[in-house]
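Below: the structure, in structure tokens.
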Amino acid sequence: MNRWPLPDPMAAALAQAEAAAHAGEVPVGAVVVKDGQIIASAHNAPRTLRDPTAHAEMLAIRRAAEALGDERLDGCELWVTLEPCAMCAGAITHARIARLYYGASDPKGGAVEQGARVFEQKQCLHRPEVYSGMGEAEAAHLLRAFFHARRG
């Protein structure tokens, strides 16, 4: 779909999103990158784990914090296929993620450039650099195909 190759982190996040779809989860994937290396990856798993907080971003952030042995992910990047919700945006702030890259916008549940715009609030103590639209077509296609199949 994309005319140019996607950066490896977004390709890895999209692979995680595909894994989520195969597991019957909403196809969202995320990876955390530190010094150019993927240190954690995850996909949505709220149904599988019976945990409403088991969004791809939350799981990837938890795994990255465990891998680094620190709750602060200074210098890390988060690559995710869908615009983060308010819960995930809050976690990004608390983890001190340096840069956020996301694919598709989420007009219904997004909270970065849509809705709550968490990083723009004066109470937000840390604001990552935000880059959107990378892998957008691929991410949106996965989401549309997933929901089309569910709705019949």
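Chains: A, B, ... in order of the structure tokens. Residues: from 1 per chain. Ligands: from 1, in order shown.
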
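Residue neighbourhood of A:Ile39, excluding near-sequence residues (fewer than 3 positions): Val31, Val32, Val33, Lys34, Ala60, Arg63, Ala64, Ala67 and Leu68 of chain A, at 9 Å, using only C-alpha atoms.
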
Report as a ChimeraX atom specification: the residues of chain A with a DSSP assignment of alpha helix (DSSP H), based on the backbone of this structure. /A:8-22,46-49,56-68,86-95,136-151

As an exercise, work out the distance from atom CA of A:His55 to atom CA of A:Asp106 in Å and give it to one decimal place.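 Taking atom CA of A:His55 as the start and atom CA of A:Asp106 as the end point, the length is 14.3 Å.
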
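In terms of minimum interatomic distance to A:Cys76, A:Asp35 ranks closest within A:Glu129, A:Glu136, A:Asp35, A:Glu18, counting only C-alpha atoms.
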
Please, which residues of stretch 36-137 of chain A, numbered as in this document, come out strand (DSSP E) from DSSP, as an mmCIF file with C-alpha atoms, in the first residue's frame?
```cif
data_model
loop_
_atom_site.group_PDB
_atom_site.id
_atom_site.type_symbol
_atom_site.label_atom_id
_atom_site.label_comp_id
_atom_site.auth_asym_id
_atom_site.auth_seq_id
_atom_site.Cartn_x
_atom_site.Cartn_y
_atom_site.Cartn_z
ATOM 1 C CA GLN A 37 16.849 -1.347 18.867
ATOM 2 C CA ILE A 38 13.393 -2.760 19.569
ATOM 3 C CA ILE A 39 13.392 -3.630 23.269
ATOM 4 C CA ALA A 40 9.710 -4.520 23.695
ATOM 5 C CA SER A 41 6.706 -5.323 21.557
ATOM 6 C CA ALA A 42 3.067 -6.155 22.157
ATOM 7 C CA HIS A 43 -0.376 -6.220 20.653
ATOM 8 C CA CYS A 76 12.792 5.667 24.180
ATOM 9 C CA GLU A 77 10.422 5.836 21.231
ATOM 10 C CA LEU A 78 6.983 4.251 21.066
ATOM 11 C CA TRP A 79 5.755 3.124 17.639
ATOM 12 C CA VAL A 80 2.064 2.194 17.546
ATOM 13 C CA THR A 81 -0.333 1.484 14.711
ATOM 14 C CA LEU A 82 -3.254 3.537 16.099
ATOM 15 C CA ARG A 99 8.994 10.268 20.835
ATOM 16 C CA LEU A 100 5.654 8.809 19.784
ATOM 17 C CA TYR A 101 5.074 7.583 16.231
ATOM 18 C CA TYR A 102 1.613 6.372 15.290
ATOM 19 C CA GLY A 103 -0.077 5.226 12.114
ATOM 20 C CA ALA A 104 -3.823 5.733 11.889
ATOM 21 C CA GLU A 129 7.507 14.578 20.274
ATOM 22 C CA VAL A 130 4.600 13.256 18.184
ATOM 23 C CA TYR A 131 4.750 12.020 14.594
ATOM 24 C CA SER A 132 1.583 10.688 12.968
#
```

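The neighbours of A:Val112 here are the residues that come within 8 Å of it, using only C-alpha atoms and leaving out any residue fewer than 5 positions away in the same chain; they are A:Glu83, A:Pro84, A:Cys85, A:Ala86, A:Ala89, A:Arg117, A:Val118, A:Phe119.
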